[in-house]
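Source file: final27.cif. Holds: mmCIF, C-alpha atoms and all ligand atoms.
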data_data
#
loop_
_atom_site.label_atom_id
_atom_site.label_comp_id
_atom_site.auth_asym_id
_atom_site.auth_seq_id
_atom_site.Cartn_x
_atom_site.Cartn_y
_atom_site.Cartn_z
CA MET A 1 -37.04 7.55 0.64
CA GLU A 2 -33.73 9.30 0.17
CA SER A 3 -30.77 6.94 0.31
CA LYS A 4 -28.09 9.58 0.73
CA ILE A 5 -25.84 9.68 3.80
CA LEU A 6 -24.15 12.85 5.03
CA LEU A 7 -20.99 12.44 7.13
CA THR A 8 -19.98 15.61 8.99
CA GLY A 9 -16.71 16.40 10.73
CA GLN A 10 -13.36 17.86 9.75
CA THR A 11 -12.67 16.90 6.13
CA LEU A 12 -9.31 16.45 4.39
CA THR A 13 -9.08 17.23 0.68
CA PHE A 14 -6.23 17.48 -1.83
CA ARG A 15 -5.92 19.67 -4.92
CA GLY A 16 -2.42 18.62 -5.92
CA ASP A 17 0.79 16.84 -4.96
CA PRO A 18 2.26 18.45 -1.81
CA PHE A 19 5.73 17.26 -2.78
CA VAL A 20 5.46 19.46 -5.92
CA THR A 21 3.19 22.32 -4.82
CA PRO A 22 3.59 23.90 -1.34
CA TRP A 23 1.30 21.84 0.91
CA GLN A 24 -0.53 24.98 2.08
CA ASP A 25 -1.73 25.50 -1.50
CA CYS A 26 -3.01 21.99 -2.18
CA VAL A 27 -4.04 20.30 1.07
CA GLN A 28 -7.03 21.54 3.03
CA ILE A 29 -8.80 20.64 6.25
CA ASP A 30 -12.31 22.06 6.52
CA SER A 31 -13.17 22.23 10.22
CA ALA A 32 -16.92 22.09 9.47
CA GLY A 33 -16.92 19.87 6.42
CA ALA A 34 -19.17 17.15 5.06
CA VAL A 35 -19.12 14.28 2.62
CA LEU A 36 -22.31 13.14 0.90
CA LEU A 37 -22.55 9.44 -0.01
CA GLU A 38 -24.98 7.68 -2.30
CA GLY A 39 -24.61 3.97 -2.83
CA ALA A 40 -20.93 3.07 -3.11
CA ARG A 41 -19.82 6.56 -4.15
CA ILE A 42 -19.13 10.02 -2.86
CA VAL A 43 -21.49 12.43 -4.61
CA ALA A 44 -20.49 15.75 -3.02
CA VAL A 45 -17.91 17.26 -0.66
CA GLY A 46 -18.36 20.68 0.88
CA THR A 47 -19.27 22.53 4.03
CA ALA A 48 -21.68 20.85 6.43
CA GLN A 49 -23.95 23.87 6.28
CA ALA A 50 -24.23 23.91 2.49
CA LEU A 51 -24.67 20.16 2.07
CA LYS A 52 -27.25 19.93 4.88
CA ALA A 53 -29.24 22.72 3.23
CA ALA A 54 -29.05 21.13 -0.20
CA HIS A 55 -29.88 17.59 1.02
CA PRO A 56 -32.27 17.90 3.95
CA GLY A 57 -33.47 14.31 3.52
CA ALA A 58 -30.02 12.73 3.77
CA ARG A 59 -29.32 10.61 6.84
CA ALA A 60 -26.89 12.71 8.89
CA ILE A 61 -24.01 11.06 10.76
CA SER A 62 -21.92 13.40 12.90
CA TYR A 63 -18.30 12.66 13.63
CA GLY A 64 -17.85 15.88 15.63
CA ASP A 65 -14.22 17.03 15.51
CA ASP A 66 -12.95 13.76 14.06
CA LEU A 67 -10.96 13.94 10.83
CA ILE A 68 -12.78 12.42 7.87
CA CYS A 69 -10.17 11.44 5.30
CA PRO A 70 -9.77 9.07 2.36
CA GLY A 71 -9.28 5.47 3.50
CA PHE A 72 -5.61 4.50 3.66
CA VAL A 73 -4.05 2.85 0.62
CA ASP A 74 -1.30 0.41 1.57
CA ALA A 75 0.70 -0.01 -1.62
CA HIS A 76 2.85 -3.05 -0.76
CA VAL A 77 1.88 -5.89 1.57
CA HIS A 78 2.05 -9.64 1.88
CA TYR A 79 -1.33 -10.64 3.30
CA ALA A 80 -0.08 -14.23 3.56
CA GLN A 81 2.42 -13.13 6.22
CA THR A 82 -0.29 -11.92 8.60
CA ALA A 83 0.18 -14.73 11.11
CA MET A 84 3.98 -14.37 11.31
CA ILE A 85 4.25 -10.57 11.60
CA ALA A 86 6.78 -9.42 14.22
CA SER A 87 9.14 -12.41 13.99
CA TRP A 88 12.41 -11.90 15.80
CA GLY A 89 16.04 -11.70 14.94
CA LYS A 90 16.65 -12.06 11.19
CA ARG A 91 17.62 -9.91 8.27
CA LEU A 92 16.05 -10.25 4.82
CA ILE A 93 17.33 -13.52 3.37
CA ASP A 94 17.38 -15.45 6.70
CA TRP A 95 14.02 -13.92 7.57
CA LEU A 96 12.51 -15.25 4.32
CA ASN A 97 13.95 -18.74 4.86
CA THR A 98 13.21 -18.97 8.58
CA TYR A 99 9.79 -17.39 8.90
CA THR A 100 8.25 -16.42 5.57
CA PHE A 101 8.60 -19.49 3.41
CA PRO A 102 7.27 -21.97 6.02
CA GLU A 103 4.25 -19.72 6.55
CA GLU A 104 3.63 -19.25 2.83
CA ALA A 105 3.82 -23.05 2.36
CA LEU A 106 0.74 -23.39 4.58
CA PHE A 107 -1.29 -21.75 1.81
CA ALA A 108 -1.31 -25.11 0.01
CA ASN A 109 -3.73 -26.29 2.72
CA GLN A 110 -7.39 -26.11 1.84
CA GLY A 111 -9.20 -23.37 3.73
CA TYR A 112 -6.10 -21.64 5.05
CA PRO A 113 -5.91 -18.88 2.37
CA GLU A 114 -9.58 -18.00 3.00
CA GLN A 115 -9.03 -17.88 6.76
CA ILE A 116 -6.01 -15.55 6.54
CA ALA A 117 -7.46 -13.34 3.78
CA ALA A 118 -10.57 -12.64 5.88
CA ARG A 119 -8.50 -12.05 9.01
CA TYR A 120 -6.15 -9.71 7.14
CA LEU A 121 -8.89 -7.57 5.59
CA ASP A 122 -10.68 -7.32 8.95
CA LEU A 123 -7.48 -6.27 10.72
CA THR A 124 -6.50 -3.70 8.13
CA ALA A 125 -10.00 -2.20 7.95
CA ALA A 126 -9.83 -1.76 11.73
CA HIS A 127 -6.66 0.27 11.06
CA GLY A 128 -8.44 2.52 8.50
CA THR A 129 -6.98 0.82 5.44
CA THR A 130 -9.43 0.43 2.57
CA THR A 131 -7.18 -0.70 -0.32
CA VAL A 132 -4.04 -2.84 -0.36
CA ALA A 133 -1.66 -4.03 -3.06
CA SER A 134 -0.74 -7.51 -1.92
CA PHE A 135 1.62 -10.24 -2.92
CA ALA A 136 -0.14 -13.58 -2.53
CA THR A 137 1.81 -16.88 -2.42
CA ILE A 138 2.73 -19.12 -5.35
CA HIS A 139 -0.63 -20.85 -4.98
CA PRO A 140 -3.43 -19.57 -7.27
CA ALA A 141 -5.89 -20.32 -4.45
CA SER A 142 -4.18 -17.62 -2.37
CA VAL A 143 -5.09 -15.06 -5.05
CA ASP A 144 -8.66 -16.31 -5.30
CA ALA A 145 -8.95 -16.04 -1.50
CA ILE A 146 -7.92 -12.38 -1.23
CA PHE A 147 -10.02 -11.28 -4.23
CA GLU A 148 -13.06 -13.24 -2.96
CA ALA A 149 -12.72 -11.75 0.53
CA ALA A 150 -12.35 -8.26 -0.98
CA ALA A 151 -15.39 -8.73 -3.23
CA ALA A 152 -17.48 -9.80 -0.22
CA ARG A 153 -16.53 -6.48 1.42
CA GLY A 154 -17.00 -4.38 -1.74
CA GLN A 155 -13.31 -3.58 -1.47
CA CYS A 156 -10.74 -2.50 -4.06
CA VAL A 157 -7.70 -4.75 -3.86
CA VAL A 158 -4.61 -5.22 -6.03
CA ALA A 159 -3.09 -8.70 -5.82
CA GLY A 160 -1.12 -11.26 -7.77
CA LYS A 161 0.32 -14.73 -7.58
CA THR A 162 3.91 -14.59 -6.36
CA CYS A 163 6.20 -16.25 -8.90
CA MET A 164 9.41 -18.04 -7.82
CA ASP A 165 11.21 -20.75 -9.80
CA ARG A 166 14.52 -20.84 -7.91
CA ASN A 167 16.12 -20.15 -4.53
CA ALA A 168 12.98 -21.15 -2.68
CA PRO A 169 11.96 -24.44 -1.04
CA ASP A 170 10.71 -27.22 -3.34
CA ASN A 171 7.11 -26.75 -2.25
CA LEU A 172 7.23 -23.00 -3.01
CA ARG A 173 8.62 -23.13 -6.55
CA ASP A 174 6.66 -22.84 -9.76
CA THR A 175 8.19 -23.06 -13.24
CA VAL A 176 8.58 -20.66 -16.13
CA GLN A 177 5.51 -22.14 -17.80
CA SER A 178 3.29 -22.62 -14.75
CA ALA A 179 3.98 -19.07 -13.53
CA TYR A 180 2.87 -17.76 -16.93
CA ASP A 181 -0.15 -20.06 -17.23
CA ASP A 182 -1.38 -19.55 -13.66
CA SER A 183 -0.91 -15.77 -13.79
CA LYS A 184 -2.68 -15.56 -17.15
CA ALA A 185 -5.63 -17.62 -15.88
CA LEU A 186 -5.88 -15.42 -12.77
CA ILE A 187 -5.86 -12.26 -14.90
CA ALA A 188 -8.74 -13.68 -16.96
CA ARG A 189 -10.62 -14.66 -13.80
CA TRP A 190 -10.12 -11.48 -11.77
CA HIS A 191 -8.63 -8.45 -13.50
CA GLY A 192 -11.27 -5.72 -13.79
CA LYS A 193 -13.98 -7.89 -12.21
CA GLY A 194 -15.76 -5.60 -9.76
CA ARG A 195 -12.99 -3.77 -7.88
CA ALA A 196 -10.25 -6.39 -8.43
CA ASN A 197 -6.98 -5.34 -10.04
CA TYR A 198 -4.36 -7.90 -10.99
CA ALA A 199 -0.64 -7.30 -10.54
CA ILE A 200 1.87 -9.61 -12.23
CA THR A 201 4.10 -10.53 -9.29
CA PRO A 202 7.64 -11.86 -9.55
CA ARG A 203 8.77 -11.87 -5.90
CA PHE A 204 12.21 -10.46 -6.74
CA SER A 205 15.08 -11.18 -9.12
CA PRO A 206 16.88 -13.71 -6.85
CA THR A 207 13.89 -16.09 -6.79
CA SER A 208 13.21 -15.99 -10.53
CA THR A 209 15.37 -17.29 -13.36
CA PRO A 210 16.00 -14.84 -16.19
CA GLU A 211 13.66 -17.04 -18.28
CA GLN A 212 10.86 -16.60 -15.74
CA LEU A 213 11.35 -12.83 -15.64
CA SER A 214 11.26 -12.68 -19.47
CA THR A 215 8.12 -14.77 -19.61
CA LEU A 216 6.41 -12.54 -17.03
CA GLY A 217 7.61 -9.51 -19.01
CA ALA A 218 5.92 -11.01 -22.09
CA LEU A 219 2.73 -11.60 -20.07
CA TRP A 220 2.77 -7.95 -18.96
CA ALA A 221 3.15 -6.86 -22.60
CA GLU A 222 0.05 -8.94 -23.40
CA HIS A 223 -1.84 -7.29 -20.50
CA PRO A 224 -0.42 -3.77 -20.30
CA ASP A 225 -3.33 -2.53 -18.17
CA CYS A 226 -2.25 -4.85 -15.34
CA LEU A 227 0.11 -3.61 -12.67
CA MET A 228 3.43 -5.36 -11.97
CA GLN A 229 4.75 -5.52 -8.41
CA THR A 230 8.11 -6.65 -7.10
CA HIS A 231 10.98 -5.75 -4.76
CA LEU A 232 14.01 -3.62 -5.55
CA SER A 233 17.19 -2.77 -3.69
CA GLU A 234 16.16 -3.55 -0.12
CA GLN A 235 19.40 -4.72 1.55
CA PRO A 236 23.09 -4.68 0.58
CA ASP A 237 23.41 -8.50 0.87
CA GLU A 238 20.43 -8.91 -1.43
CA ILE A 239 21.91 -6.49 -3.99
CA ALA A 240 25.22 -8.38 -3.96
CA TRP A 241 23.29 -11.63 -4.49
CA VAL A 242 21.46 -10.09 -7.49
CA HIS A 243 24.80 -9.07 -9.02
CA SER A 244 26.12 -12.64 -8.65
CA LEU A 245 22.96 -14.12 -10.21
CA TYR A 246 22.77 -11.57 -13.05
CA PRO A 247 26.40 -10.75 -13.91
CA GLN A 248 25.40 -8.98 -17.14
CA ALA A 249 23.05 -6.55 -15.42
CA ARG A 250 24.16 -2.93 -14.97
CA ASP A 251 22.36 -2.81 -11.63
CA TYR A 252 19.40 -4.37 -9.81
CA LEU A 253 16.80 -2.38 -11.76
CA ASP A 254 18.36 -3.61 -14.98
CA THR A 255 17.43 -7.19 -14.08
CA TYR A 256 13.80 -6.09 -14.46
CA GLU A 257 14.38 -3.68 -17.33
CA ALA A 258 16.18 -6.29 -19.46
CA HIS A 259 13.23 -8.66 -19.07
CA GLY A 260 10.36 -6.30 -19.90
CA LEU A 261 9.50 -5.55 -16.27
CA LEU A 262 10.08 -1.80 -16.13
CA GLY A 263 7.26 0.66 -16.71
CA ASP A 264 5.00 3.25 -15.18
CA ARG A 265 2.61 0.52 -14.01
CA GLY A 266 5.51 -1.17 -12.21
CA LEU A 267 5.50 -0.99 -8.39
CA TYR A 268 8.99 -1.31 -6.92
CA GLY A 269 8.97 -1.96 -3.20
CA HIS A 270 11.73 -0.55 -0.91
CA CYS A 271 14.34 1.09 -3.24
CA VAL A 272 16.51 1.92 -0.22
CA HIS A 273 19.91 1.73 -1.93
CA LEU A 274 19.34 2.93 -5.51
CA THR A 275 22.23 3.94 -7.75
CA PRO A 276 22.11 7.25 -9.64
CA ARG A 277 21.30 5.37 -12.88
CA GLU A 278 18.43 3.54 -11.23
CA ILE A 279 16.99 6.81 -9.94
CA ASP A 280 17.35 8.43 -13.38
CA ARG A 281 15.67 5.49 -15.07
CA LEU A 282 12.78 5.29 -12.59
CA ALA A 283 12.20 9.02 -13.02
CA GLU A 284 12.31 8.70 -16.80
CA VAL A 285 9.79 5.85 -17.04
CA GLN A 286 7.75 7.00 -13.99
CA GLY A 287 8.23 3.65 -12.25
CA ARG A 288 6.55 3.69 -8.85
CA VAL A 289 8.72 3.63 -5.73
CA ILE A 290 6.85 2.15 -2.78
CA HIS A 291 8.34 3.24 0.53
CA CYS A 292 8.08 0.69 3.37
CA PRO A 293 9.71 2.46 6.32
CA THR A 294 8.58 0.24 9.21
CA SER A 295 9.81 -2.80 7.32
CA ASN A 296 13.08 -1.10 6.44
CA ALA A 297 13.66 -0.33 10.12
CA PHE A 298 12.46 -3.71 11.38
CA ILE A 299 14.56 -5.86 9.02
CA GLY A 300 17.49 -3.46 9.23
CA SER A 301 17.44 -2.46 5.56
CA GLY A 302 18.17 1.25 5.92
CA LEU A 303 16.48 4.64 5.85
CA LEU A 304 15.20 5.82 2.48
CA ASP A 305 15.54 9.51 1.61
CA LEU A 306 12.00 9.81 0.26
CA PRO A 307 11.94 13.59 -0.28
CA ALA A 308 15.05 13.25 -2.47
CA LEU A 309 13.19 10.81 -4.75
CA ALA A 310 10.11 13.05 -4.73
CA ALA A 311 12.32 15.94 -5.87
CA ARG A 312 13.27 13.83 -8.90
CA GLY A 313 9.60 13.53 -9.85
CA ILE A 314 9.34 9.81 -9.10
CA PRO A 315 5.76 8.82 -8.19
CA LEU A 316 5.73 7.51 -4.63
CA GLY A 317 3.57 5.24 -2.54
CA LEU A 318 3.61 4.32 1.13
CA ALA A 319 3.25 0.82 2.54
CA THR A 320 3.48 -1.35 5.62
CA ASP A 321 5.07 -4.36 3.84
CA THR A 322 3.48 -6.63 6.44
CA GLY A 323 4.77 -9.02 7.68
CA GLY A 324 8.28 -7.58 7.01
CA GLY A 325 6.76 -4.42 8.41
CA SER A 326 5.96 -4.67 12.09
CA SER A 327 2.56 -2.98 12.03
CA PHE A 328 -0.70 -3.04 10.06
CA SER A 329 -1.13 0.67 10.84
CA MET A 330 -0.58 3.32 8.18
CA LEU A 331 -0.42 5.85 11.04
CA ARG A 332 2.61 4.01 12.44
CA THR A 333 3.97 3.82 8.89
CA MET A 334 3.64 7.59 8.43
CA ALA A 335 5.56 8.05 11.68
CA ALA A 336 8.33 5.78 10.40
CA ALA A 337 8.44 7.69 7.10
CA TYR A 338 8.84 10.90 9.06
CA GLU A 339 11.65 9.38 11.13
CA ALA A 340 13.49 8.15 8.02
CA GLY A 341 13.16 11.61 6.47
CA GLN A 342 14.51 13.24 9.60
CA HIS A 343 17.60 11.01 9.35
CA HIS A 344 18.33 12.72 6.01
CA GLY A 345 17.53 16.21 7.29
CA HIS A 346 14.08 16.34 5.65
CA ALA A 347 11.09 17.10 7.85
CA ILE A 348 8.11 15.65 5.96
CA HIS A 349 4.99 17.63 6.84
CA ALA A 350 1.85 15.94 8.21
CA ALA A 351 -0.03 17.09 5.08
CA GLN A 352 2.55 15.33 2.90
CA LEU A 353 2.39 12.18 5.03
CA MET A 354 -1.40 12.05 4.81
CA TRP A 355 -1.21 12.57 1.06
CA LEU A 356 1.31 9.74 0.69
CA ALA A 357 -0.89 7.34 2.66
CA THR A 358 -3.98 8.11 0.58
CA ALA A 359 -3.85 10.02 -2.72
CA GLY A 360 -0.14 9.38 -3.31
CA SER A 361 -0.45 5.63 -2.91
CA ALA A 362 -3.62 5.66 -5.01
CA ARG A 363 -1.73 7.46 -7.77
CA ALA A 364 1.12 4.96 -7.50
CA LEU A 365 -1.44 2.21 -8.18
CA HIS A 366 -3.02 4.20 -11.07
CA LEU A 367 -6.27 4.21 -9.09
CA ASP A 368 -6.42 7.86 -8.05
CA HIS A 369 -9.44 8.45 -10.29
CA GLN A 370 -11.39 6.03 -8.04
CA ILE A 371 -9.81 6.12 -4.57
CA GLY A 372 -7.47 8.17 -2.39
CA HIS A 373 -9.54 11.37 -2.43
CA LEU A 374 -12.69 12.72 -0.86
CA ALA A 375 -14.14 13.85 -4.16
CA ALA A 376 -17.40 13.49 -6.07
CA GLY A 377 -17.37 10.37 -8.22
CA HIS A 378 -14.80 8.55 -6.10
CA PHE A 379 -15.65 5.45 -4.15
CA ALA A 380 -16.79 6.14 -0.60
CA ASP A 381 -13.72 4.51 0.97
CA ILE A 382 -13.20 6.59 4.09
CA ALA A 383 -11.30 6.56 7.38
CA VAL A 384 -12.54 8.64 10.32
CA ILE A 385 -9.78 9.52 12.76
CA ASP A 386 -10.26 10.39 16.41
CA MET A 387 -7.50 12.90 17.09
CA LYS A 388 -7.68 12.41 20.87
CA SER A 389 -7.66 8.62 20.92
CA THR A 390 -5.40 8.11 23.94
CA PRO A 391 -4.68 10.26 27.00
CA ALA A 392 -1.14 10.88 25.73
CA ILE A 393 -2.38 12.11 22.35
CA ALA A 394 -5.27 14.07 23.87
CA GLN A 395 -3.02 16.07 26.20
CA ARG A 396 -0.75 16.92 23.26
CA ALA A 397 -3.72 17.81 21.06
CA ASN A 398 -4.99 20.18 23.77
CA ARG A 399 -1.74 22.12 23.42
CA ALA A 400 -1.85 22.19 19.58
CA GLY A 401 -1.57 25.62 18.00
CA ASP A 402 -3.35 24.58 14.80
CA VAL A 403 -5.04 21.57 13.28
CA TRP A 404 -1.86 20.28 11.66
CA GLU A 405 -0.10 20.05 15.02
CA ASP A 406 -3.09 18.08 16.14
CA VAL A 407 -2.91 15.75 13.13
CA PHE A 408 0.85 15.33 13.52
CA ALA A 409 0.49 14.13 17.12
CA THR A 410 -1.93 11.41 15.99
CA LEU A 411 0.32 10.41 13.09
CA MET A 412 3.29 10.03 15.43
CA MET A 413 1.52 8.35 18.36
CA GLY A 414 -1.68 6.88 16.95
CA ASP A 415 -2.68 3.31 16.15
CA ASP A 416 -5.94 1.43 15.54
CA ARG A 417 -7.47 3.06 18.62
CA ALA A 418 -7.49 6.30 16.59
CA ILE A 419 -9.72 4.81 13.89
CA ARG A 420 -13.26 5.80 14.85
CA ALA A 421 -14.77 4.40 11.70
CA THR A 422 -13.92 2.88 8.35
CA TRP A 423 -16.29 3.01 5.40
CA ILE A 424 -15.81 0.84 2.33
CA ALA A 425 -17.88 1.45 -0.82
CA GLY A 426 -20.38 3.54 1.13
CA LYS A 427 -20.92 1.05 3.94
CA PRO A 428 -19.57 1.19 7.48
CA VAL A 429 -17.26 -1.71 8.27
CA ALA A 430 -18.53 -3.97 11.06
CA GLY A 431 -17.56 -2.63 14.48
CA THR A 432 -17.16 0.91 13.19
CA ALA A 433 -18.81 3.92 14.90
CA VAL A 434 -21.93 5.29 13.16
CA PRO A 435 -23.27 8.05 15.44
CA ASP A 436 -26.53 9.57 14.22
CA ALA A 437 -26.53 13.33 14.31
ZN ZN B 501 7.55 -7.02 0.41
#
Since I need it in another form, could you write the structure as structure tokens?
Ligand SMILES: [Zn+2]
Amino acid sequence: MESKILLTGQTLTFRGDPFVTPWQDCVQIDSAGAVLLEGARIVAVGTAQALKAAHPGARAISYGDDLICPGFVDAHVHYAQTAMIASWGKRLIDWLNTYTFPEEALFANQGYPEQIAARYLDLTAAHGTTTVASFATIHPASVDAIFEAAAARGQCVVAGKTCMDRNAPDNLRDTVQSAYDDSKALIARWHGKGRANYAITPRFSPTSTPEQLSTLGALWAEHPDCLMQTHLSEQPDEIAWVHSLYPQARDYLDTYEAHGLLGDRGLYGHCVHLTPREIDRLAEVQGRVIHCPTSNAFIGSGLLDLPALAARGIPLGLATDTGGGSSFSMLRTMAAAYEAGQHHGHAIHAAQLMWLATAGSARALHLDHQIGHLAAGHFADIAVIDMKSTPAIAQRANRAGDVWEDVFATLMMGDDRAIRATWIAGKPVAGTAVPDA
């Protein structure tokens, strides 16, 4: 009994970085493509005709004209903010105090982290997202909950305990020592177990003392294969606050650099208002800039000039930043990235947007050897996109001159209705379409 599965449809593959190489030379859509799965992995990608001939016993599943692409990789989220997404009327610091911290405090309650982690992974899978890099809360149980929920789904997740020892409510503060001890214990429990990847997670410089940042820097030096995730340069008020808290620092990035928290496995969320030195330094060390355009628009942070950072050779990822972002959808996030680029006179192509949301984000997380591509040996984490998911999109798609016009209409106007199916580790997610050929 052959256990192989053959998905047929239009397939999206990458041979390079479309911000470096012209997208026409490194991004391809095969209109009669196929992906062969065995167990949790992709074992071959090619034309439907060739793979059908070579594997006549494989179970064939036809997605017609749908676009089969790598599952979306959301490189910066706060799963704990799921229940308070789309909260009205505040900018960053007031938004944290008014909405975020009270919600994150609920994660001290037994059972709540498990409930939200399961809800979050179900919601994001329904939006075609197969990997996230998430901040948890200060509670170790919030990290256990997201990794346990991911393991139950066979899912690759990056997560870490958020560390804060000042400028947060009493019930959301750890200490220098407890942040180190709890993070270290979580690394031992989870990092590299199955598909779990630990990220050392200081929330941002204003909520950590210099001593806490140094101690987390030391922890990272002890575990250099872990990622490190934080926030950088999101809003002008926040940057001014950082300068007042760290008067010796040359700039915001320097508050991380001086404490051992700058490196190529560092994920820096937002980066909307970087100084020239910060850009130079990030380029030099290959620090990852994670672009969160829906969040930047929603909280009023500003419009990042992403193509300008790409031109400097900085590795980039794309993210919803839920619940600062107002949508779980990476399609909506690609639209917002396009809009922010347009503001700076840069029209980001649909091929570049799709790359950012999949292979680019996977590279930012140092996971592009496992995820982010339809390629043999990679995990079978796949999103199948219906490119005529609403009447408005369908009528535009009918007018499309080529497939990229078609894709672009779905990126600009699509949402979870466009996700025909999501596959994680070779299995269709519950509720997903599995049409036999
Ligand atoms: Zn964030």
Legend entry - Proximity to ligand ZN 501 (chain B) - best of A:Arg332, A:Arg153, A:His346, A:His78, all atoms listed in the file: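 Among the listed residues, A:His78 lies closest to ligand ZN 501 (chain B).
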Tell me which protein, DNA and RNA residues are within 8 Å of Asp415 (chain A), counting only C-alpha atoms, leaving out same-chain ones fewer than 3 positions away, and put them as an mmCIF file with C-alpha atoms, in the frame of the given file.
data_model
loop_
_atom_site.group_PDB
_atom_site.id
_atom_site.type_symbol
_atom_site.label_atom_id
_atom_site.label_comp_id
_atom_site.auth_asym_id
_atom_site.auth_seq_id
_atom_site.Cartn_x
_atom_site.Cartn_y
_atom_site.Cartn_z
ATOM 1 C CA HIS A 127 -6.660 0.270 11.060
ATOM 2 C CA SER A 329 -1.130 0.670 10.840
ATOM 3 C CA LEU A 331 -0.420 5.850 11.040
ATOM 4 C CA ARG A 332 2.610 4.010 12.440
ATOM 5 C CA ALA A 418 -7.490 6.300 16.590
ATOM 6 C CA ILE A 419 -9.720 4.810 13.890
#
Length of the CA of Ile279 (chain A) to CA of Met412 (chain A) vector [Å]:
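Rounded to one decimal, the two atoms are 29.0 Å apart.
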re CA of Tyr198 (chain A) and CA of Ala249 (chain A): distance 27.8 Å
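Around ligand ZN 501 (chain B), the neighbouring residues within 9 Å, taking all atoms listed in the file, come to His76, Val77, His78, Ser134, Phe135, Arg203, Thr230, His231, Gly269, His270, Cys292, Ser295, Thr320, Asp321, Thr322, Gly323, Gly324 and Gly325 of chain A.
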What are the closest atom pairs, with distances in Å to one decimal, for all residues of region 118-153 of chain A lying within 12 Å of region 81-84 of chain A? Consider all atoms listed in the file, order rows by chain and residue number, and present the result as a Markdown table.
| residue | atom | partner | partner_atom | distance |
| --- | --- | --- | --- | --- |
| A:Ala118 | CA | A:Thr82 | CA | 10.7 |
| A:Arg119 | CA | A:Thr82 | CA | 8.2 |
| A:Tyr120 | CA | A:Thr82 | CA | 6.4 |
| A:Leu121 | CA | A:Thr82 | CA | 10.1 |
| A:Asp122 | CA | A:Thr82 | CA | 11.4 |
| A:Leu123 | CA | A:Thr82 | CA | 9.4 |
| A:Thr124 | CA | A:Thr82 | CA | 10.3 |
| A:Ser134 | CA | A:Gln81 | CA | 10.4 |
| A:Phe135 | CA | A:Gln81 | CA | 9.6 |
| A:Ala136 | CA | A:Gln81 | CA | 9.1 |
| A:Thr137 | CA | A:Gln81 | CA | 9.4 |
| A:Ser142 | CA | A:Gln81 | CA | 11.7 |
In terms of all atoms listed in the file, the residue from A:Val45, A:Ala425, A:Leu12, A:Met413 at minimal distance from Thr358 (chain A) is A:Leu12
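Minimum distance to Val434 (chain A) across A:Pro206, A:Gly57, A:Gly64, A:Gly302 (counting only C-alpha atoms) occurs at A:Gly64.
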Expressed in Å, the length from CA of Glu211 (chain A) to CA of Arg250 (chain A) is 17.9 Å
Exercise. Would you list the residues near (-2.7, -13.5, -5.7), meaning any protein, DNA or RNA residue with an atom at most 9 Å from that point in file coordinates, counting only C-alpha atoms, as a list of chain:residue names?
Key: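 Those residues lying close to the given coordinates are A:Ser134, A:Phe135, A:Ala136, A:Thr137, A:Ile138, A:His139, A:Pro140, A:Ala141, A:Ser142, A:Val143, A:Asp144, A:Ala145, A:Ile146, A:Phe147, A:Val158, A:Ala159, A:Gly160, A:Lys161, A:Thr162, A:Ser183, A:Leu186, A:Tyr198, A:Ala199, A:Ile200, A:Thr201.
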Please write out, as JSON, where the centre of an axis-aligned box around all listed atoms of region 210-225 of chain A lies and how long its edges are, in Å to one decimal, after adding 3 Å on each side.
{"center_x": 6.3, "center_y": -9.8, "center_z": -19.5, "size_x": 25.3, "size_y": 20.5, "size_z": 13.8}
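Closest to Gly263 (chain A) among A:Ile348, A:Ala364, A:Ala151, A:Met354 is A:Ala364, based on only C-alpha atoms.
All residues that come within 8 Å of the coordinates (-12.5, 5.5, 1.0), counting all atoms listed in the file, are given as A:Cys69, A:Pro70, A:Gly71, A:Phe72, A:Thr130, A:Ile371, A:Gly372, A:His373, A:Leu374, A:Phe379, A:Ala380, A:Asp381, A:Ile382, A:Ala383, A:Thr422, A:Trp423, A:Ile424, A:Ala425.
When all atoms listed in the file are used to measure the gap to Trp241 (chain A), the shortest distance among A:Ala58, A:Ala152, A:Ile93, A:Ala283 belongs to A:Ile93.
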